[in-house]
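Below is one structure, written out as structure tokens; the observations come after it.
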Amino acid sequence: MAYKPMQDKIALVTGGGSGIGRAISIKLSDAGAEIIIFARNEERGRDVVAHIENGGGNACFYRTDLTREKDIEQSVKQVIAKYGRVDILVNNAAISGYMGPVVDTPMEEVYDIFKINLISVFYLSKLVLPRMIENGFGRIINISSIAYRKNTPNSATYNITKTGLNSLTKTLSKEVASFGITVNAIAPGLVLTERIIKSRLPGLAEKKGITPEEMMAELTAGTDTKKLTEEEDVAELVMFLAANVSGNITGEIVNISGGL
Ligand SMILES: NC(=O)c1ccc[n+]([C@@H]2O[C@H](COP(=O)([O-])OP(=O)(O)OC[C@H]3O[C@@H](n4cnc5c(N)ncnc54)[C@H](OP(=O)(O)O)[C@@H]3O)[C@@H](O)[C@H]2O)c1
């Protein structure tokens, strides 16, 4: 039987129903982990669960709106009742938020993005940590973004939440390191997920008066490696940071952006 390095591990992936989160869920499951997905879209979440189960793995979807504290509490309570613990927490869910100058940004949008991209990560970590501490093992992996380095205008809320996420990663890592728990962040450059291909790429291309294909070629050429990051690359990195062998890597922000 093939060696499965994540056998017996319980992995919770937020936003595991699409894009990078989907790839992470499938990768961890292929390595033997039981997968728990927190997200809102039931159809997409259950599709990933079915994909995993068809491949012989185990997965469960919990409909959870990460803007709602009650949803988070209820879902974590159900998970602890069923599995007893979470070994690996991948805080992947996020939104891009309002794209425009700070002066035009509606305040509801500010509160929303903070809740999803940052506060839910804080709260989920707080709720799963007691069991990790008890067990003397845990991996928290936060999906950040290279946005923290670039601080591109017209996306202040996204940039701020990802910068805050990195700070949470570093601070928390120091608080829990002595319990066998590591906390790291992964900061990808542009990843051509379905969402980016459908909604972001055409807009960027239109602004420049070029086709989406030309835009993609330009973005690729702009990296040092001449290669955009793929969902699979991020999933592989999650696997590496979640593995036992990475027990002495903590408080790191690992950029995966082709040198950008
Ligand atoms: N794609 C890129 O170029 C890129 C680059 C750098 C960093 N990242 C980061 O990578 C991560 C994944 O992004 P992606 O590109 O894969 O995006 P995506 O496909 O849009 O995935 C985001 C996920 O977040 C979930 N989500 C959003 N709001 C939620 C809420 N209120 N409650 C629960 N779940 C919620 C969504 O699930 P539901 O809709 O089902 O709720 C969705 O599955 C994010 O942290 C993003 O910032 C992406």
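Ordered as shown in the structure tokens, chains take letters A, B, and onward, while each chain numbers its residues from 1 and ligands are numbered from 1 in the order shown.
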
message = Residues of range 131-224 of chain A classed as alpha helix (DSSP H) by DSSP on the backbone are to be reported as a ChimeraX atom specification.
response = /A:131-135,147-150,156-176,194-195,201-208,212-221

Excluding same-chain residues fewer than 6 positions from range 10-23 of chain A, what lies within 6 Å of it counting only C-alpha atoms, as an mmCIF file with N, CA, C and O atoms, in the first residue's frame?
```
data_model
loop_
_atom_site.group_PDB
_atom_site.id
_atom_site.type_symbol
_atom_site.label_atom_id
_atom_site.label_comp_id
_atom_site.auth_asym_id
_atom_site.auth_seq_id
_atom_site.Cartn_x
_atom_site.Cartn_y
_atom_site.Cartn_z
ATOM 1 N N ALA A 33 -5.123 12.604 4.524
ATOM 2 C CA ALA A 33 -5.831 13.369 5.564
ATOM 3 C C ALA A 33 -7.349 13.291 5.370
ATOM 4 O O ALA A 33 -7.841 13.138 4.252
ATOM 5 N N GLU A 34 -8.077 13.412 6.502
ATOM 6 C CA GLU A 34 -9.541 13.597 6.427
ATOM 7 C C GLU A 34 -9.771 15.079 6.243
ATOM 8 O O GLU A 34 -9.191 15.887 6.984
ATOM 9 N N ILE A 35 -10.636 15.436 5.305
ATOM 10 C CA ILE A 35 -10.794 16.845 4.958
ATOM 11 C C ILE A 35 -12.131 17.396 5.452
ATOM 12 O O ILE A 35 -13.186 16.807 5.247
ATOM 13 N N ILE A 36 -12.046 18.575 6.066
ATOM 14 C CA ILE A 36 -13.236 19.312 6.490
ATOM 15 C C ILE A 36 -13.212 20.637 5.734
ATOM 16 O O ILE A 36 -12.198 21.348 5.758
ATOM 17 N N ILE A 37 -14.321 20.933 5.073
ATOM 18 C CA ILE A 37 -14.373 22.198 4.316
ATOM 19 C C ILE A 37 -15.378 23.143 4.964
ATOM 20 O O ILE A 37 -16.525 22.766 5.217
ATOM 21 N N PHE A 38 -14.948 24.360 5.229
ATOM 22 C CA PHE A 38 -15.861 25.437 5.667
ATOM 23 C C PHE A 38 -15.999 26.419 4.510
ATOM 24 O O PHE A 38 -14.999 27.007 4.072
ATOM 25 N N ALA A 39 -17.222 26.612 4.021
ATOM 26 C CA ALA A 39 -17.482 27.603 2.973
ATOM 27 C C ALA A 39 -18.988 27.802 2.897
ATOM 28 O O ALA A 39 -19.739 27.133 3.615
ATOM 29 N N ARG A 44 -20.605 23.673 -4.590
ATOM 30 C CA ARG A 44 -19.161 23.540 -4.861
ATOM 31 C C ARG A 44 -18.483 22.723 -3.770
ATOM 32 O O ARG A 44 -17.628 21.882 -4.049
ATOM 33 N N GLY A 45 -18.875 22.969 -2.527
ATOM 34 C CA GLY A 45 -18.279 22.235 -1.411
ATOM 35 C C GLY A 45 -18.550 20.747 -1.523
ATOM 36 O O GLY A 45 -17.654 19.915 -1.374
ATOM 37 N N VAL A 86 -8.652 19.209 15.437
ATOM 38 C CA VAL A 86 -8.194 19.584 14.090
ATOM 39 C C VAL A 86 -6.670 19.583 14.178
ATOM 40 O O VAL A 86 -6.107 20.217 15.070
ATOM 41 N N ASP A 87 -6.011 18.870 13.287
ATOM 42 C CA ASP A 87 -4.533 18.832 13.307
ATOM 43 C C ASP A 87 -3.939 19.903 12.410
ATOM 44 O O ASP A 87 -2.886 20.458 12.705
ATOM 45 N N ILE A 88 -4.627 20.128 11.275
ATOM 46 C CA ILE A 88 -4.100 21.068 10.277
ATOM 47 C C ILE A 88 -5.212 22.060 9.951
ATOM 48 O O ILE A 88 -6.305 21.652 9.544
ATOM 49 N N LEU A 89 -4.943 23.338 10.167
ATOM 50 C CA LEU A 89 -5.929 24.371 9.813
ATOM 51 C C LEU A 89 -5.346 25.198 8.676
ATOM 52 O O LEU A 89 -4.298 25.830 8.834
ATOM 53 N N VAL A 90 -6.034 25.170 7.530
ATOM 54 C CA VAL A 90 -5.587 25.994 6.399
ATOM 55 C C VAL A 90 -6.589 27.125 6.222
ATOM 56 O O VAL A 90 -7.725 26.914 5.790
ATOM 57 N N ASN A 91 -6.180 28.318 6.599
ATOM 58 C CA ASN A 91 -7.035 29.499 6.457
ATOM 59 C C ASN A 91 -6.833 30.058 5.052
ATOM 60 O O ASN A 91 -5.914 30.851 4.811
ATOM 61 N N ASN A 92 -7.689 29.578 4.155
ATOM 62 C CA ASN A 92 -7.529 29.920 2.729
ATOM 63 C C ASN A 92 -8.598 30.900 2.241
ATOM 64 O O ASN A 92 -8.333 31.711 1.361
ATOM 65 N N ALA A 93 -9.799 30.851 2.824
ATOM 66 C CA ALA A 93 -10.907 31.671 2.315
ATOM 67 C C ALA A 93 -10.569 33.158 2.402
ATOM 68 O O ALA A 93 -9.990 33.615 3.392
ATOM 69 N N THR A 193 -6.752 31.045 -11.110
ATOM 70 C CA THR A 193 -7.897 30.234 -10.699
ATOM 71 C C THR A 193 -9.072 30.589 -11.616
ATOM 72 O O THR A 193 -9.023 31.585 -12.354
ATOM 73 N N GLU A 231 -2.305 26.645 -8.866
ATOM 74 C CA GLU A 231 -3.007 26.155 -7.661
ATOM 75 C C GLU A 231 -2.226 24.991 -7.034
ATOM 76 O O GLU A 231 -2.048 24.912 -5.823
ATOM 77 N N ALA A 235 -0.717 24.165 -3.274
ATOM 78 C CA ALA A 235 -1.137 22.958 -2.553
ATOM 79 C C ALA A 235 0.085 22.136 -2.113
ATOM 80 O O ALA A 235 0.127 21.613 -1.001
#
```

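Among the candidate residues A:Ser125, A:Thr182, A:Ser144, A:Asn135, the one lying nearest to ligand 1 is A:Ser144, with distances computed using only C-alpha atoms and all ligand atoms.
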
Please provide as a PyMOL selection string all residues within 12 Å of Val121 in chain A, with the sequence filter that same-chain residues fewer than 4 positions apart are discarded (counting only C-alpha atoms).
chain A and resi 12-15+38+66-67+69+72+89-94+113-117+125-129+140-144+161-162+164-169+172+183+185

Neighbours of range 244-260 of chain A within 6 Å (only C-alpha atoms; same-chain residues fewer than 4 positions away dropped), as a PyMOL selection string? chain A and resi 169-170+173+182-189+223-225

Selection file, all heavy atoms, as a short mmCIF file (atom, residue, chain, number, x, y, z; two decimals), in the first residue's frame:
```cif
data_model
loop_
_atom_site.label_atom_id
_atom_site.label_comp_id
_atom_site.auth_asym_id
_atom_site.auth_seq_id
_atom_site.Cartn_x
_atom_site.Cartn_y
_atom_site.Cartn_z
N THR A 169 0.26 35.62 11.87
CA THR A 169 1.06 34.40 11.68
C THR A 169 2.31 34.43 12.55
O THR A 169 2.61 33.48 13.27
CB THR A 169 1.47 34.29 10.19
OG1 THR A 169 0.27 34.26 9.39
CG2 THR A 169 2.29 33.05 9.92
N LYS A 170 3.03 35.54 12.47
CA LYS A 170 4.31 35.64 13.20
C LYS A 170 4.09 35.69 14.71
O LYS A 170 4.79 35.03 15.47
CB LYS A 170 5.07 36.89 12.73
CG LYS A 170 5.69 36.71 11.35
CD LYS A 170 6.35 37.99 10.88
CE LYS A 170 7.04 37.78 9.54
NZ LYS A 170 8.29 36.99 9.65
N SER A 173 2.76 32.31 16.03
CA SER A 173 3.79 31.26 15.96
C SER A 173 4.64 31.26 17.22
O SER A 173 5.02 30.20 17.72
CB SER A 173 4.66 31.44 14.71
OG SER A 173 5.54 32.53 14.89
N THR A 182 3.14 24.70 14.61
CA THR A 182 3.77 25.71 13.76
C THR A 182 2.69 26.56 13.09
O THR A 182 1.58 26.08 12.84
CB THR A 182 4.65 25.06 12.67
OG1 THR A 182 3.81 24.34 11.76
CG2 THR A 182 5.71 24.16 13.26
N VAL A 183 3.03 27.81 12.86
CA VAL A 183 2.10 28.73 12.18
C VAL A 183 2.91 29.44 11.08
O VAL A 183 3.89 30.12 11.36
CB VAL A 183 1.53 29.79 13.15
CG1 VAL A 183 0.43 30.61 12.48
CG2 VAL A 183 0.99 29.14 14.42
N ASN A 184 2.49 29.21 9.84
CA ASN A 184 3.20 29.82 8.71
C ASN A 184 2.19 30.40 7.72
O ASN A 184 1.01 30.05 7.75
CB ASN A 184 4.05 28.77 8.00
CG ASN A 184 5.23 28.32 8.84
OD1 ASN A 184 6.18 29.07 9.06
ND2 ASN A 184 5.16 27.09 9.35
N ALA A 185 2.68 31.27 6.87
CA ALA A 185 1.82 31.81 5.80
C ALA A 185 2.49 31.56 4.45
O ALA A 185 3.71 31.50 4.34
CB ALA A 185 1.60 33.31 6.01
N ILE A 186 1.63 31.42 3.46
CA ILE A 186 2.09 31.28 2.07
C ILE A 186 1.59 32.51 1.32
O ILE A 186 0.40 32.84 1.41
CB ILE A 186 1.51 29.99 1.44
CG1 ILE A 186 2.08 28.76 2.15
CG2 ILE A 186 1.78 29.95 -0.06
CD1 ILE A 186 1.46 27.44 1.70
N ALA A 187 2.48 33.17 0.61
CA ALA A 187 2.07 34.38 -0.13
C ALA A 187 2.25 34.16 -1.63
O ALA A 187 3.35 34.36 -2.17
CB ALA A 187 2.91 35.57 0.35
N PRO A 188 1.16 33.75 -2.29
CA PRO A 188 1.28 33.52 -3.74
C PRO A 188 1.23 34.83 -4.52
O PRO A 188 0.61 35.82 -4.09
CB PRO A 188 0.04 32.68 -4.09
CG PRO A 188 -0.63 32.34 -2.80
CD PRO A 188 -0.17 33.35 -1.80
N GLY A 189 1.87 34.81 -5.69
CA GLY A 189 1.63 35.85 -6.69
C GLY A 189 0.35 35.47 -7.40
O GLY A 189 -0.41 34.61 -6.93
N THR A 223 7.23 37.99 -14.44
CA THR A 223 7.85 37.26 -13.32
C THR A 223 9.30 36.96 -13.69
O THR A 223 9.65 36.88 -14.87
CB THR A 223 7.13 35.92 -13.06
OG1 THR A 223 7.25 35.12 -14.25
CG2 THR A 223 5.65 36.12 -12.75
N ASP A 224 10.14 36.75 -12.67
CA ASP A 224 11.55 36.41 -12.94
C ASP A 224 11.66 35.02 -13.55
O ASP A 224 12.51 34.76 -14.39
CB ASP A 224 12.36 36.44 -11.64
CG ASP A 224 12.49 37.86 -11.11
OD1 ASP A 224 12.25 38.81 -11.89
OD2 ASP A 224 12.83 38.02 -9.92
N THR A 225 10.76 34.15 -13.11
CA THR A 225 10.82 32.74 -13.57
C THR A 225 10.10 32.53 -14.90
O THR A 225 10.15 31.44 -15.46
CB THR A 225 10.16 31.82 -12.54
OG1 THR A 225 8.83 32.31 -12.30
CG2 THR A 225 10.92 31.79 -11.22
#
```

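Here CA of Ala147 in chain A is placed at a distance of 7.2 Å from atom 6 (C, counted along the ligand's line) of ligand 1.
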
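Using only C-alpha atoms, the shortest contact distance between Pro5 in chain A and any of A:Thr211, A:Ser29, A:Asn41, A:Thr64 is found at A:Ser29.
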
Shell of 9 Å around range 97-109 of chain A, only C-alpha atoms, local chain residues under 4 positions omitted, as an MDAnalysis selection string: chainID A and resid 113:114 153:158

Selected residues written out with C-alpha atoms, as a compact mmCIF listing (two decimals), in the first residue's frame:
```
# COMPACT_ATOMS: atom_id res chain seq x y z
CA ILE A 113 -13.24 41.97 4.13
CA PHE A 114 -11.74 42.34 7.59
CA PRO A 153 -3.18 51.17 -5.11
CA ASN A 154 -6.96 50.62 -5.30
CA SER A 155 -6.89 47.49 -3.18
CA ALA A 156 -6.07 48.91 0.25
CA THR A 157 -8.44 46.64 2.19
CA TYR A 158 -6.99 43.48 0.62
```

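Checking A:Ile80, A:Ile24, A:Ile181, A:Leu241 one by one against ligand 1, counting only C-alpha atoms and all ligand atoms, you find the shortest gap at A:Ile24.
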
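For the residues A:Glu236, A:Glu175, A:Glu73, A:Asp65, ranking by smallest atom-to-atom distance to ligand 1 using only C-alpha atoms and all ligand atoms places A:Asp65 first.
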
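Take the candidates A:Ile133, A:Leu118, A:Ile196, A:Val110 and check each one against ligand 1 using only C-alpha atoms and all ligand atoms; the shortest distance goes to A:Ile196.
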
Who sits within 7 Å of Val191 in chain A, only C-alpha atoms, same chain under 5 positions skipped, as a list in words
Leu228, Thr229, Glu230 and Glu231 of chain A

Save the residues we just selected, C-alpha atoms, as a compact mmCIF listing (two decimals), in the first residue's frame?
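The result, written out as result.txt:
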```txt
# COMPACT_ATOMS: atom_id res chain seq x y z
CA LEU A 228 2.80 32.15 -13.00
CA THR A 229 2.08 30.26 -9.79
CA GLU A 230 -0.42 27.43 -10.15
CA GLU A 231 -3.01 26.15 -7.66
```

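Considering only C-alpha atoms and all ligand atoms, the residue among A:Arg40, A:Arg68, A:Lys174, A:Arg149 positioned nearest to ligand 1 is A:Arg40.
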
Practice item. Based on DSSP run over this structure's backbone, return all residues of range 60-228 of chain A in strand (DSSP E or B), as number ranges by chain. Key: A: 60-63, 88-91, 138-143, 181-188, 191
